[in-house]
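File shown: protein-v5.cif. Contents: mmCIF, C-alpha atoms and all ligand atoms.
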data_final
#
loop_
_atom_site.label_atom_id
_atom_site.label_comp_id
_atom_site.auth_asym_id
_atom_site.auth_seq_id
_atom_site.Cartn_x
_atom_site.Cartn_y
_atom_site.Cartn_z
CA MET A 1 -75.69 -5.45 7.36
CA THR A 2 -74.14 -8.69 8.60
CA ARG A 3 -74.88 -11.68 6.40
CA GLU A 4 -76.41 -14.69 8.10
CA ASN A 5 -74.59 -17.99 7.72
CA GLN A 6 -77.02 -19.69 5.36
CA TYR A 7 -75.84 -23.20 6.21
CA GLU A 8 -76.34 -22.60 9.94
CA ASN A 9 -79.84 -21.40 9.11
CA PHE A 10 -80.56 -24.53 7.12
CA LEU A 11 -79.44 -26.68 10.07
CA LYS A 12 -81.73 -24.77 12.44
CA PHE A 13 -84.73 -25.27 10.15
CA LEU A 14 -83.85 -28.95 9.75
CA ASP A 15 -83.58 -29.58 13.50
CA LYS A 16 -86.81 -27.73 14.14
CA ALA A 17 -88.68 -29.79 11.51
CA ALA A 18 -87.29 -33.02 13.00
CA GLU A 19 -88.44 -31.87 16.44
CA VAL A 20 -91.96 -31.17 15.15
CA MET A 21 -92.21 -34.70 13.71
CA HIS A 22 -90.36 -36.32 16.66
CA MET A 23 -87.64 -37.75 14.44
CA PRO A 24 -84.52 -38.83 16.37
CA GLN A 25 -81.26 -37.20 15.27
CA ASP A 26 -79.70 -40.53 14.20
CA GLU A 27 -82.29 -40.94 11.48
CA TYR A 28 -81.41 -37.72 9.68
CA ILE A 29 -77.91 -36.83 10.88
CA ILE A 30 -76.35 -37.67 7.51
CA LEU A 31 -78.36 -34.80 5.98
CA LYS A 32 -76.53 -32.34 8.21
CA TYR A 33 -73.26 -33.01 6.40
CA PRO A 34 -72.76 -32.39 2.66
CA GLU A 35 -71.45 -35.56 1.00
CA ARG A 36 -68.76 -33.79 -1.01
CA GLU A 37 -67.36 -30.25 -1.15
CA LEU A 38 -64.98 -29.16 -3.88
CA LYS A 39 -63.17 -25.82 -3.85
CA VAL A 40 -61.30 -24.83 -7.01
CA SER A 41 -59.08 -21.88 -7.97
CA LEU A 42 -59.79 -20.54 -11.43
CA PRO A 43 -57.10 -18.54 -13.20
CA LEU A 44 -58.39 -16.29 -15.98
CA LYS A 45 -56.39 -14.38 -18.55
CA LYS A 46 -58.27 -11.09 -18.89
CA ASP A 47 -58.69 -9.37 -22.24
CA ASP A 48 -56.00 -6.83 -21.25
CA GLY A 49 -53.46 -9.64 -20.72
CA SER A 50 -53.48 -9.57 -16.90
CA VAL A 51 -54.25 -12.70 -14.86
CA GLN A 52 -56.80 -13.00 -12.05
CA VAL A 53 -57.71 -16.03 -9.96
CA TYR A 54 -61.31 -16.60 -8.85
CA ASP A 55 -62.75 -19.03 -6.28
CA GLY A 56 -65.15 -21.69 -7.51
CA TYR A 57 -67.15 -24.38 -5.71
CA ARG A 58 -69.26 -27.45 -6.31
CA VAL A 59 -71.00 -29.04 -3.35
CA GLN A 60 -72.95 -32.29 -3.51
CA HIS A 61 -75.13 -32.27 -0.45
CA SER A 62 -76.85 -35.61 -1.05
CA THR A 63 -77.04 -38.27 -3.73
CA LEU A 64 -79.34 -40.51 -1.69
CA ARG A 65 -82.24 -40.30 -4.13
CA GLY A 66 -80.32 -39.78 -7.38
CA PRO A 67 -77.58 -37.76 -9.06
CA GLY A 68 -76.76 -34.38 -7.54
CA LYS A 69 -78.80 -31.58 -9.12
CA GLY A 70 -78.55 -27.84 -8.82
CA GLY A 71 -77.48 -24.61 -10.41
CA ILE A 72 -74.24 -22.71 -10.82
CA ARG A 73 -74.38 -19.31 -9.15
CA ILE A 74 -72.09 -16.61 -10.52
CA HIS A 75 -72.07 -13.75 -8.06
CA GLN A 76 -69.56 -11.66 -6.13
CA HIS A 77 -70.97 -12.79 -2.76
CA VAL A 78 -70.77 -16.54 -3.31
CA ASP A 79 -68.96 -18.36 -0.51
CA ILE A 80 -68.74 -21.97 0.61
CA ASP A 81 -71.50 -21.66 3.24
CA ASP A 82 -73.94 -20.23 0.69
CA VAL A 83 -73.15 -23.02 -1.74
CA LYS A 84 -73.54 -25.67 0.98
CA ALA A 85 -76.90 -24.20 2.02
CA LEU A 86 -78.12 -23.93 -1.56
CA ALA A 87 -77.03 -27.52 -2.25
CA ALA A 88 -78.92 -28.73 0.82
CA MET A 89 -82.00 -26.81 -0.29
CA MET A 90 -81.81 -28.63 -3.63
CA THR A 91 -81.86 -32.00 -1.81
CA PHE A 92 -85.08 -31.00 -0.07
CA LYS A 93 -86.58 -29.31 -3.14
CA CYS A 94 -86.07 -32.40 -5.32
CA ALA A 95 -87.54 -34.63 -2.60
CA ILE A 96 -90.60 -32.38 -2.20
CA VAL A 97 -91.44 -32.60 -5.91
CA ASN A 98 -90.42 -36.27 -5.79
CA LEU A 99 -87.77 -36.24 -8.52
CA PRO A 100 -85.08 -38.96 -8.70
CA PHE A 101 -82.37 -36.41 -7.92
CA GLY A 102 -80.24 -35.48 -4.95
CA GLY A 103 -79.07 -31.95 -4.25
CA ALA A 104 -75.98 -30.03 -5.35
CA LYS A 105 -74.92 -26.48 -6.11
CA GLY A 106 -71.98 -24.69 -7.65
CA GLY A 107 -70.67 -21.18 -7.62
CA ILE A 108 -68.04 -18.82 -8.94
CA CYS A 109 -67.22 -15.80 -6.83
CA VAL A 110 -67.23 -12.97 -9.36
CA ASN A 111 -69.61 -10.27 -10.55
CA PRO A 112 -70.30 -11.52 -14.10
CA SER A 113 -71.10 -8.03 -15.35
CA THR A 114 -67.46 -7.03 -14.74
CA LEU A 115 -66.30 -9.62 -17.31
CA SER A 116 -66.42 -9.41 -21.08
CA ILE A 117 -68.31 -12.18 -22.86
CA THR A 118 -65.05 -13.86 -23.91
CA GLU A 119 -63.71 -13.67 -20.33
CA LEU A 120 -66.95 -15.20 -19.06
CA GLU A 121 -66.66 -18.01 -21.58
CA ARG A 122 -63.04 -18.77 -20.61
CA LEU A 123 -63.90 -18.69 -16.89
CA THR A 124 -66.92 -20.98 -17.41
CA ARG A 125 -64.85 -23.48 -19.38
CA ARG A 126 -62.08 -23.43 -16.79
CA TYR A 127 -64.62 -23.93 -14.00
CA THR A 128 -66.20 -26.84 -15.89
CA SER A 129 -62.89 -28.54 -16.37
CA ALA A 130 -62.01 -28.01 -12.68
CA ILE A 131 -65.24 -29.69 -11.47
CA LEU A 132 -65.31 -32.22 -14.32
CA PRO A 133 -64.24 -35.22 -12.21
CA ILE A 134 -67.34 -34.96 -10.04
CA ILE A 135 -70.05 -34.02 -12.57
CA GLY A 136 -71.78 -36.14 -15.21
CA PRO A 137 -75.28 -37.28 -16.24
CA GLU A 138 -75.32 -39.99 -13.57
CA LYS A 139 -73.28 -38.11 -10.95
CA ASP A 140 -74.24 -34.48 -10.74
CA VAL A 141 -76.11 -32.35 -13.26
CA PRO A 142 -75.62 -28.55 -13.07
CA ALA A 143 -78.13 -25.93 -14.27
CA PRO A 144 -78.53 -22.15 -14.32
CA ASP A 145 -78.90 -20.07 -11.17
CA VAL A 146 -78.39 -16.40 -10.28
CA GLY A 147 -75.85 -14.91 -12.71
CA SER A 148 -75.84 -17.82 -15.15
CA ASN A 149 -78.01 -18.58 -18.17
CA SER A 150 -78.45 -20.92 -21.14
CA GLN A 151 -75.31 -19.63 -22.85
CA ILE A 152 -73.23 -20.61 -19.83
CA MET A 153 -74.88 -24.06 -19.75
CA ASP A 154 -74.06 -24.47 -23.48
CA TRP A 155 -70.38 -23.81 -22.70
CA VAL A 156 -70.49 -26.30 -19.82
CA MET A 157 -72.01 -28.94 -22.15
CA ASP A 158 -69.44 -28.20 -24.85
CA THR A 159 -66.43 -28.29 -22.51
CA TYR A 160 -67.57 -31.55 -20.91
CA SER A 161 -68.30 -33.13 -24.32
CA MET A 162 -64.96 -32.03 -25.84
CA THR A 163 -63.12 -33.62 -22.92
CA LYS A 164 -65.03 -36.91 -23.27
CA GLY A 165 -64.85 -36.90 -27.08
CA TYR A 166 -68.55 -37.05 -27.94
CA PRO A 167 -71.67 -34.88 -27.33
CA ILE A 168 -73.24 -35.43 -23.91
CA GLN A 169 -76.29 -33.19 -23.58
CA SER A 170 -77.53 -34.74 -20.33
CA VAL A 171 -74.57 -33.41 -18.28
CA VAL A 172 -76.29 -30.07 -17.74
CA THR A 173 -79.82 -28.64 -17.99
CA GLY A 174 -81.11 -25.19 -18.87
CA LYS A 175 -79.33 -25.28 -22.24
CA ASP A 176 -80.45 -23.44 -25.35
CA ILE A 177 -83.05 -25.36 -27.41
CA ASP A 178 -80.50 -25.81 -30.23
CA VAL A 179 -78.04 -27.44 -27.82
CA GLY A 180 -80.55 -29.93 -26.37
CA GLY A 181 -82.50 -27.68 -24.01
CA SER A 182 -86.15 -28.34 -23.25
CA LEU A 183 -89.06 -26.26 -24.44
CA GLY A 184 -90.55 -24.55 -21.40
CA ARG A 185 -87.37 -24.64 -19.27
CA LYS A 186 -86.72 -20.89 -19.44
CA GLU A 187 -90.23 -20.10 -18.21
CA ALA A 188 -90.42 -23.03 -15.77
CA THR A 189 -89.59 -21.35 -12.44
CA GLY A 190 -91.95 -18.40 -13.09
CA ARG A 191 -94.65 -20.78 -14.34
CA GLY A 192 -94.19 -22.87 -11.18
CA ILE A 193 -94.54 -19.73 -9.02
CA THR A 194 -97.78 -18.93 -10.80
CA ILE A 195 -99.15 -22.47 -10.29
CA ILE A 196 -98.23 -22.42 -6.59
CA THR A 197 -99.69 -18.93 -6.06
CA GLN A 198 -102.95 -20.07 -7.67
CA GLN A 199 -103.02 -23.21 -5.53
CA MET A 200 -102.40 -21.16 -2.40
CA MET A 201 -105.31 -18.86 -3.29
CA LYS A 202 -107.52 -21.88 -3.95
CA ALA A 203 -106.64 -23.32 -0.53
CA LEU A 204 -107.50 -19.97 1.09
CA ASP A 205 -110.69 -19.73 -0.95
CA LYS A 206 -109.55 -16.48 -2.53
CA ASP A 207 -109.87 -15.30 -6.12
CA ILE A 208 -106.52 -14.56 -7.79
CA ARG A 209 -108.24 -11.78 -9.78
CA GLN A 210 -108.89 -9.87 -6.55
CA MET A 211 -105.24 -10.04 -5.50
CA ARG A 212 -102.75 -7.17 -5.51
CA ILE A 213 -99.25 -8.52 -6.02
CA ALA A 214 -95.78 -6.97 -5.55
CA ILE A 215 -92.79 -8.67 -7.17
CA GLN A 216 -89.19 -7.93 -6.24
CA GLY A 217 -86.80 -8.75 -9.10
CA MET A 218 -87.45 -8.58 -12.83
CA GLY A 219 -84.97 -11.22 -13.92
CA ASN A 220 -86.13 -14.43 -15.59
CA VAL A 221 -88.20 -15.63 -12.62
CA GLY A 222 -89.77 -12.29 -11.64
CA SER A 223 -90.68 -11.23 -15.16
CA ILE A 224 -92.26 -14.56 -16.14
CA SER A 225 -94.18 -14.68 -12.82
CA ALA A 226 -95.40 -11.10 -13.40
CA THR A 227 -96.48 -11.90 -16.97
CA LEU A 228 -98.34 -15.11 -16.11
CA LEU A 229 -100.01 -13.78 -12.95
CA HIS A 230 -101.07 -10.67 -14.89
CA GLU A 231 -102.54 -12.98 -17.55
CA LYS A 232 -104.48 -14.82 -14.81
CA GLY A 233 -106.11 -11.50 -13.90
CA ALA A 234 -104.13 -10.55 -10.77
CA LYS A 235 -103.26 -6.89 -10.29
CA ILE A 236 -99.47 -6.46 -10.25
CA VAL A 237 -99.15 -3.25 -8.23
CA ALA A 238 -95.35 -3.14 -7.87
CA VAL A 239 -92.26 -4.57 -9.56
CA SER A 240 -88.56 -3.81 -9.19
CA ASP A 241 -85.10 -4.52 -10.56
CA VAL A 242 -81.62 -3.60 -9.28
CA SER A 243 -82.22 0.08 -10.14
CA GLY A 244 -85.46 0.37 -8.13
CA GLY A 245 -89.14 -0.23 -8.67
CA LEU A 246 -92.49 0.98 -9.95
CA TYR A 247 -95.79 1.24 -8.12
CA ASN A 248 -99.32 1.79 -9.37
CA LYS A 249 -102.22 1.00 -7.06
CA ASN A 250 -104.48 0.38 -10.07
CA GLY A 251 -102.09 -2.21 -11.49
CA LEU A 252 -99.04 -1.88 -13.72
CA ASP A 253 -99.15 -2.54 -17.46
CA ILE A 254 -96.91 -5.62 -17.29
CA PRO A 255 -96.64 -6.41 -21.05
CA VAL A 256 -95.50 -2.83 -21.73
CA ILE A 257 -92.96 -2.95 -18.87
CA ILE A 258 -91.60 -6.32 -20.03
CA GLY A 259 -91.38 -4.95 -23.58
CA PHE A 260 -89.37 -2.00 -22.21
CA ILE A 261 -86.97 -4.28 -20.28
CA ASP A 262 -86.56 -6.65 -23.24
CA SER A 263 -85.72 -3.85 -25.67
CA GLY A 264 -82.08 -3.84 -24.52
CA LYS A 265 -80.39 -3.40 -21.16
CA ARG A 266 -83.16 -1.14 -19.89
CA LEU A 267 -83.59 -0.42 -16.19
CA LEU A 268 -86.86 0.38 -14.46
CA LYS A 269 -85.48 3.66 -13.11
CA ASP A 270 -85.64 4.91 -16.71
CA TYR A 271 -89.23 3.74 -17.30
CA ASP A 272 -91.84 6.47 -17.41
CA ASP A 273 -95.51 5.96 -18.25
CA GLY A 274 -96.64 9.17 -16.62
CA VAL A 275 -98.74 7.45 -13.93
CA SER A 276 -96.64 4.86 -12.09
CA ALA A 277 -94.55 6.07 -9.15
CA HIS A 278 -90.87 5.21 -8.73
CA ILE A 279 -90.11 3.39 -5.49
CA THR A 280 -86.99 1.85 -3.95
CA ASN A 281 -86.49 -1.88 -3.43
CA ALA A 282 -86.91 -1.31 0.30
CA GLU A 283 -90.28 0.35 -0.37
CA LEU A 284 -91.35 -2.54 -2.59
CA ILE A 285 -91.03 -4.96 0.33
CA ARG A 286 -93.31 -2.68 2.38
CA THR A 287 -95.82 -2.12 -0.45
CA ASP A 288 -99.51 -2.26 0.35
CA CYS A 289 -100.43 -5.53 -1.36
CA ASP A 290 -101.97 -8.96 -0.70
CA ILE A 291 -99.16 -11.16 -2.03
CA LEU A 292 -95.45 -10.37 -1.93
CA ILE A 293 -93.15 -12.34 -4.25
CA PRO A 294 -89.44 -11.86 -3.52
CA ALA A 295 -87.79 -13.04 -6.75
CA ALA A 296 -84.33 -11.53 -6.39
CA MET A 297 -81.64 -12.56 -3.90
CA GLU A 298 -81.57 -14.14 -0.45
CA ASN A 299 -82.02 -12.21 2.81
CA GLN A 300 -84.33 -9.49 1.50
CA ILE A 301 -86.87 -9.91 4.28
CA THR A 302 -85.12 -9.40 7.60
CA ALA A 303 -85.86 -8.39 11.19
CA GLU A 304 -85.52 -4.77 10.01
CA ASN A 305 -88.43 -4.82 7.58
CA ALA A 306 -90.53 -7.87 8.56
CA ASP A 307 -92.92 -5.89 10.75
CA ASP A 308 -93.58 -3.38 7.95
CA ILE A 309 -94.72 -6.01 5.48
CA LYS A 310 -98.40 -5.56 4.60
CA ALA A 311 -98.90 -8.64 2.45
CA SER A 312 -100.74 -11.54 4.09
CA VAL A 313 -99.09 -14.12 1.81
CA ILE A 314 -95.42 -14.34 0.74
CA VAL A 315 -94.45 -16.66 -2.10
CA GLU A 316 -90.68 -17.20 -2.00
CA ALA A 317 -89.50 -17.24 -5.61
CA ALA A 318 -85.86 -16.57 -4.70
CA ASN A 319 -83.87 -19.06 -2.64
CA GLY A 320 -83.69 -18.02 1.03
CA PRO A 321 -85.25 -14.53 0.76
CA THR A 322 -86.48 -14.57 4.39
CA SER A 323 -84.08 -14.58 7.33
CA LYS A 324 -84.76 -16.97 10.21
CA GLU A 325 -85.66 -14.10 12.54
CA ALA A 326 -88.00 -12.50 10.00
CA ASP A 327 -89.63 -15.87 9.41
CA GLU A 328 -90.52 -16.07 13.12
CA MET A 329 -91.77 -12.48 13.21
CA LEU A 330 -93.99 -12.93 10.16
CA ASN A 331 -95.34 -16.22 11.42
CA SER A 332 -96.30 -14.71 14.75
CA ARG A 333 -98.26 -12.03 12.85
CA GLY A 334 -100.08 -14.74 10.88
CA VAL A 335 -98.40 -13.99 7.54
CA LEU A 336 -98.46 -17.14 5.42
CA ILE A 337 -95.16 -17.99 3.75
CA VAL A 338 -95.01 -20.43 0.85
CA PRO A 339 -91.39 -21.66 1.22
CA ASP A 340 -88.81 -21.46 -1.57
CA ILE A 341 -88.17 -25.22 -1.62
CA LEU A 342 -91.75 -25.68 -2.81
CA ALA A 343 -92.54 -22.40 -4.57
CA ASN A 344 -89.52 -22.19 -6.88
CA ALA A 345 -89.19 -25.92 -7.66
CA GLY A 346 -90.61 -25.42 -11.18
CA GLY A 347 -87.12 -24.85 -12.57
CA VAL A 348 -85.73 -28.14 -11.41
CA VAL A 349 -88.90 -29.98 -12.44
CA VAL A 350 -88.39 -28.94 -16.05
CA SER A 351 -84.65 -29.57 -15.67
CA TYR A 352 -85.71 -33.14 -14.95
CA CYS A 353 -87.83 -33.11 -18.15
CA GLU A 354 -84.77 -31.88 -20.07
CA TRP A 355 -82.48 -34.55 -18.58
CA VAL A 356 -85.01 -37.30 -19.37
CA GLN A 357 -85.35 -36.09 -22.98
CA ASN A 358 -81.56 -35.90 -23.39
CA ILE A 359 -80.94 -39.37 -21.98
CA GLN A 360 -83.53 -40.90 -24.29
CA SER A 361 -82.78 -38.66 -27.31
CA ILE A 362 -86.40 -37.60 -27.58
CA ILE A 363 -88.06 -34.19 -27.81
CA TRP A 364 -91.29 -33.31 -26.00
CA GLU A 365 -93.83 -30.71 -27.08
CA GLU A 366 -93.97 -27.58 -24.90
CA ASP A 367 -97.55 -28.44 -23.92
CA ASP A 368 -96.46 -31.82 -22.59
CA VAL A 369 -93.69 -30.21 -20.53
CA ASN A 370 -96.10 -27.60 -19.12
CA HIS A 371 -98.69 -30.24 -18.24
CA MET A 372 -96.07 -32.31 -16.45
CA LEU A 373 -94.94 -29.20 -14.55
CA GLU A 374 -98.52 -28.34 -13.58
CA ARG A 375 -99.19 -31.90 -12.40
CA ILE A 376 -96.00 -32.18 -10.33
CA MET A 377 -96.28 -28.72 -8.75
CA THR A 378 -99.97 -29.15 -7.89
CA ARG A 379 -99.34 -32.53 -6.31
CA ALA A 380 -96.38 -31.16 -4.33
CA PHE A 381 -98.42 -28.18 -3.14
CA ASN A 382 -101.20 -30.45 -1.90
CA GLU A 383 -98.74 -32.78 -0.16
CA VAL A 384 -96.95 -29.91 1.58
CA TYR A 385 -100.24 -28.31 2.59
CA GLU A 386 -101.49 -31.60 3.97
CA SER A 387 -98.22 -32.18 5.82
CA ALA A 388 -98.49 -28.70 7.42
CA VAL A 389 -102.09 -29.39 8.46
CA ASN A 390 -101.25 -32.86 9.83
CA TYR A 391 -98.35 -31.59 11.92
CA ASN A 392 -100.12 -28.36 12.78
CA CYS A 393 -97.13 -26.34 11.61
CA ARG A 394 -96.35 -23.68 9.02
CA MET A 395 -95.78 -24.63 5.41
CA ARG A 396 -91.99 -24.30 5.64
CA TYR A 397 -91.86 -27.10 8.18
CA GLY A 398 -94.58 -29.02 6.36
CA ALA A 399 -92.34 -28.99 3.28
CA ILE A 400 -89.18 -30.00 5.17
CA ILE A 401 -91.07 -32.80 6.94
CA LEU A 402 -92.41 -34.19 3.65
CA ALA A 403 -88.88 -34.21 2.21
CA LEU A 404 -87.34 -35.61 5.41
CA LYS A 405 -89.73 -38.56 5.32
CA ARG A 406 -88.84 -39.36 1.72
CA LEU A 407 -85.10 -38.94 2.28
CA THR A 408 -84.94 -40.97 5.49
CA ASN A 409 -87.09 -43.73 3.97
CA THR A 410 -84.61 -44.01 1.11
CA PHE A 411 -81.75 -44.01 3.61
CA LYS A 412 -83.36 -46.77 5.67
CA LYS A 413 -83.97 -48.97 2.62
CA ARG A 414 -80.53 -48.40 1.06
CA GLY A 415 -78.82 -48.90 4.40
CA MET A 416 -75.51 -47.49 5.55
CA TYR A 417 -72.36 -48.44 3.68
CA PRO A 418 -70.17 -50.30 4.67
N1 LIG A 501 -81.08 -23.02 -9.81
C1 LIG A 501 -82.42 -23.53 -9.83
C2 LIG A 501 -82.90 -23.80 -8.41
O1 LIG A 501 -82.39 -23.26 -7.45
C3 LIG A 501 -82.58 -24.71 -10.76
C4 LIG A 501 -81.78 -25.92 -10.44
C5 LIG A 501 -81.85 -27.02 -11.49
O2 LIG A 501 -82.63 -26.92 -12.43
O3 LIG A 501 -81.09 -27.97 -11.35
O4 LIG A 501 -83.85 -24.51 -8.20
#

Could you quickly redo this structure as structure tokens?
Amino acid sequence: MTRENQYENFLKFLDKAAEVMHMPQDEYIILKYPERELKVSLPLKKDDGSVQVYDGYRVQHSTLRGPGKGGIRIHQHVDIDDVKALAAMMTFKCAIVNLPFGGAKGGICVNPSTLSITELERLTRRYTSAILPIIGPEKDVPAPDVGSNSQIMDWVMDTYSMTKGYPIQSVVTGKDIDVGGSLGRKEATGRGITIITQQMMKALDKDIRQMRIAIQGMGNVGSISATLLHEKGAKIVAVSDVSGGLYNKNGLDIPVIIGFIDSGKRLLKDYDDGVSAHITNAELIRTDCDILIPAAMENQITAENADDIKASVIVEAANGPTSKEADEMLNSRGVLIVPDILANAGGVVVSYCEWVQNIQSIIWEEDDVNHMLERIMTRAFNEVYESAVNYNCRMRYGAIILALKRLTNTFKKRGMYP
């Protein structure tokens, strides 16, 4: 399967949104070009004494509305176009939820599971020191993404702090609680997905408890979304991980499945409750359900499987799970897509809470963080929905239009330097 150029896709969506709102190119042209792109080579001494060099990136797409913000992706398929696209998506995501951040993204091109923990630590520290000149609490604040977690953020914080000579928690978010992380950050993206799914159902006048949901991906985002939506009374009929998935038309026992996954490196292919059927990831996408939540990687919904999708609503928990072609096909069939830049913004919202706490040396209760998340996500949902209704367009363009207005207003007021 050929991989789409994600940055080209972003540009097409951007131009289309501008066309819908009749915005002349001059007003938004700066958003077509990332402000800064850094490519670094990262030598790593492996545990066996050999040396390997990996590619790393940090792209700051825009700092119009605040410091760059966005995760570090550690994955064997990371390339500069992916990182540019993901950085641009962060610019729009932060504008949609109205945070005082711009958009950035980083990446290291390696499969982290092929490295030992000590190799991963050395590579993370080397990467941090290579991008150190362009990151900082007021410049660009990294966070976790696919393949990275709180441990990696703790090493980033430590490396940055050691170089500066004093502890600087606010340089990175998604840290462990003991290193200055925020309560609620780990669950934030999945909690945001749940809030947005509930809001979508409310707007459609549907009861979440009547909904059958299929979730692709049982990483942090997928498993928290499954747990919370199950708690809200929805029927989770299918879930999957890299090894494959499970299906039960009467609803899966999510707490038991999560318990199984959490009890070590357990894969769903080895789960057996005697009633649930084993399905492939391809079958999960085609599952008979009402809501499909792709929570794994990009490009999972393509022209090849879009027409087989039975769900009437798709909530994009992953970044870029739907190809441009599939997006058109689904739209023409009336399938409603809640776009990634709105749906999965919960992570960066609580990253903002973490950054604010770090800067002020204060600690918020988990309830306060969750309330803030709920308030921001609900407001953003309503604004995107309203924007889509006003411009008579789908929610993806409604979301881009909302962000474009905010970004171009800031640009107009700040003016062009020099
Ligand atoms: N990687 C997450 C995202 O794509 C979180 C970014 C952040 O918290 O800065 O939204």

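Near Ala277 of chain A, within 7 Å and counting all atoms listed in the file, sit Leu246, Tyr247 and Asn248 of chain A; same-chain residues fewer than 4 positions away were not included.
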
Residues from the last selection, C-alpha atoms, saved as an mmCIF file, in the coordinates of the input:
data_model
loop_
_atom_site.group_PDB
_atom_site.id
_atom_site.type_symbol
_atom_site.label_atom_id
_atom_site.label_comp_id
_atom_site.auth_asym_id
_atom_site.auth_seq_id
_atom_site.Cartn_x
_atom_site.Cartn_y
_atom_site.Cartn_z
ATOM 1 C CA LEU A 246 -92.490 0.980 -9.950
ATOM 2 C CA TYR A 247 -95.790 1.240 -8.120
ATOM 3 C CA ASN A 248 -99.320 1.790 -9.370
#

Query raised in the report: How would you write, as a PyMOL selection string, the set of residues no farther than 9 Å from ligand LIG 501 (chain A) when counting all atoms listed in the file?
Result: chain A and resi 68-73+86-87+89-90+93-94+103-105+141-146+172-174+185+189+318-319+340-341+344-352

Query raised in the report: Can you tell me how far atom CA of Ser240 of chain A sits from atom CA of Gln216 of chain A, in Å to one decimal?
Result: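 Result for atom CA of Ser240 of chain A versus atom CA of Gln216 of chain A: 5.1 Å, one decimal.
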
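Atom CA of Glu27 of chain A is found 11.6 Å from atom CA of Asp15 of chain A.
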
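Of the listed residues (A:Lys186, A:Lys269, A:Lys46, A:Arg65), A:Lys46 comes nearest to Glu121 of chain A; the distances count all atoms listed in the file.
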
Requested in this report: Point out the residue among A:Gln151, A:Asn358, A:Ser387, A:Ser170 with the least atom-to-atom distance to Pro137 of chain A, counting all atoms listed in the file.
Outcome: A:Ser170

Query raised in the report: So which residues fall inside 12 Å of (-95.7, -33.0, -23.8) if we count all atoms listed in the file? Mind giving them as a count of residues only?
Result: 21

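Restricting the calculation to all atoms listed in the file, the smallest distance between Ala88 of chain A and any of A:Met211, A:Val59, A:Ile359, A:Leu120 is found for A:Val59.
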
Query raised in the report: Residues around (-84.2, -13.0, -14.8), cut-off 10 Å, counting all atoms listed in the file - what are they as a VMD selection string?
Result: chain A and resid 145 to 149 186 to 187 190 217 to 224 241 295 to 296

Report task. Calculate how many Å separate atom CA of His61 of chain A from atom CA of Trp355 of chain A, rounding to one decimal. Result ->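 Atom-to-atom, atom CA of His61 of chain A and atom CA of Trp355 of chain A are spaced 19.7 Å apart.
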
Report task. Compile the contact shell of Leu123 of chain A as JSON, numbers by chain: residues with an atom at most 8 Å away, counting only C-alpha atoms, same-chain residues fewer than 5 positions apart removed. Result -> {"A": [42, 43, 44]}

Query - Nearest residue to Ala17 of chain A from the set A:Ile195, A:Tyr391, A:Val110, A:Ile376 (distances using only C-alpha atoms) - result: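 Counting only C-alpha atoms, the residue closest to Ala17 of chain A is A:Tyr391.
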
Requested in this report: Go through A:Arg379, A:Lys139, A:Lys206, A:Arg333 one by one, measure the shortest atom-to-atom distance of each to Leu64 of chain A using all atoms listed in the file, and give the residue with the smallest value.
Outcome: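 Using all atoms listed in the file, Leu64 of chain A sits closest to A:Lys139.
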
Query raised in the report: Residues at most 6 Å from Thr280 of chain A, counting only C-alpha atoms, excluding those fewer than 3 positions away in the same chain, as a list of chain:residue names?
Result: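 Residues meeting the cut-off are A:Gly244, A:Gly245, A:Glu283.
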
What lies within 12 Å of Ala214 of chain A using only C-alpha atoms, ignoring chain neighbours under 2 positions off, as a short mmCIF file (atom, residue, chain, number, x, y, z; two decimals) with C-alpha atoms, in the coordinates of the input?
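Okay, around_14.cif is ready:
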data_model
loop_
_atom_site.label_atom_id
_atom_site.label_comp_id
_atom_site.auth_asym_id
_atom_site.auth_seq_id
_atom_site.Cartn_x
_atom_site.Cartn_y
_atom_site.Cartn_z
CA MET A 211 -105.24 -10.04 -5.50
CA ARG A 212 -102.75 -7.17 -5.51
CA GLN A 216 -89.19 -7.93 -6.24
CA GLY A 217 -86.80 -8.75 -9.10
CA MET A 218 -87.45 -8.58 -12.83
CA GLY A 222 -89.77 -12.29 -11.64
CA SER A 223 -90.68 -11.23 -15.16
CA SER A 225 -94.18 -14.68 -12.82
CA ALA A 226 -95.40 -11.10 -13.40
CA LEU A 229 -100.01 -13.78 -12.95
CA HIS A 230 -101.07 -10.67 -14.89
CA ALA A 234 -104.13 -10.55 -10.77
CA LYS A 235 -103.26 -6.89 -10.29
CA ILE A 236 -99.47 -6.46 -10.25
CA VAL A 237 -99.15 -3.25 -8.23
CA ALA A 238 -95.35 -3.14 -7.87
CA VAL A 239 -92.26 -4.57 -9.56
CA SER A 240 -88.56 -3.81 -9.19
CA GLY A 245 -89.14 -0.23 -8.67
CA LEU A 246 -92.49 0.98 -9.95
CA TYR A 247 -95.79 1.24 -8.12
CA ASN A 248 -99.32 1.79 -9.37
CA LYS A 249 -102.22 1.00 -7.06
CA GLY A 251 -102.09 -2.21 -11.49
CA LEU A 252 -99.04 -1.88 -13.72
CA ILE A 254 -96.91 -5.62 -17.29
CA ILE A 279 -90.11 3.39 -5.49
CA ASN A 281 -86.49 -1.88 -3.43
CA GLU A 283 -90.28 0.35 -0.37
CA LEU A 284 -91.35 -2.54 -2.59
CA ILE A 285 -91.03 -4.96 0.33
CA ARG A 286 -93.31 -2.68 2.38
CA THR A 287 -95.82 -2.12 -0.45
CA ASP A 288 -99.51 -2.26 0.35
CA CYS A 289 -100.43 -5.53 -1.36
CA ASP A 290 -101.97 -8.96 -0.70
CA ILE A 291 -99.16 -11.16 -2.03
CA LEU A 292 -95.45 -10.37 -1.93
CA ILE A 293 -93.15 -12.34 -4.25
CA PRO A 294 -89.44 -11.86 -3.52
CA ALA A 295 -87.79 -13.04 -6.75
CA ILE A 309 -94.72 -6.01 5.48
CA LYS A 310 -98.40 -5.56 4.60
CA ALA A 311 -98.90 -8.64 2.45
CA SER A 312 -100.74 -11.54 4.09
CA VAL A 313 -99.09 -14.12 1.81
CA ILE A 314 -95.42 -14.34 0.74
CA VAL A 315 -94.45 -16.66 -2.10
CA GLU A 316 -90.68 -17.20 -2.00
#
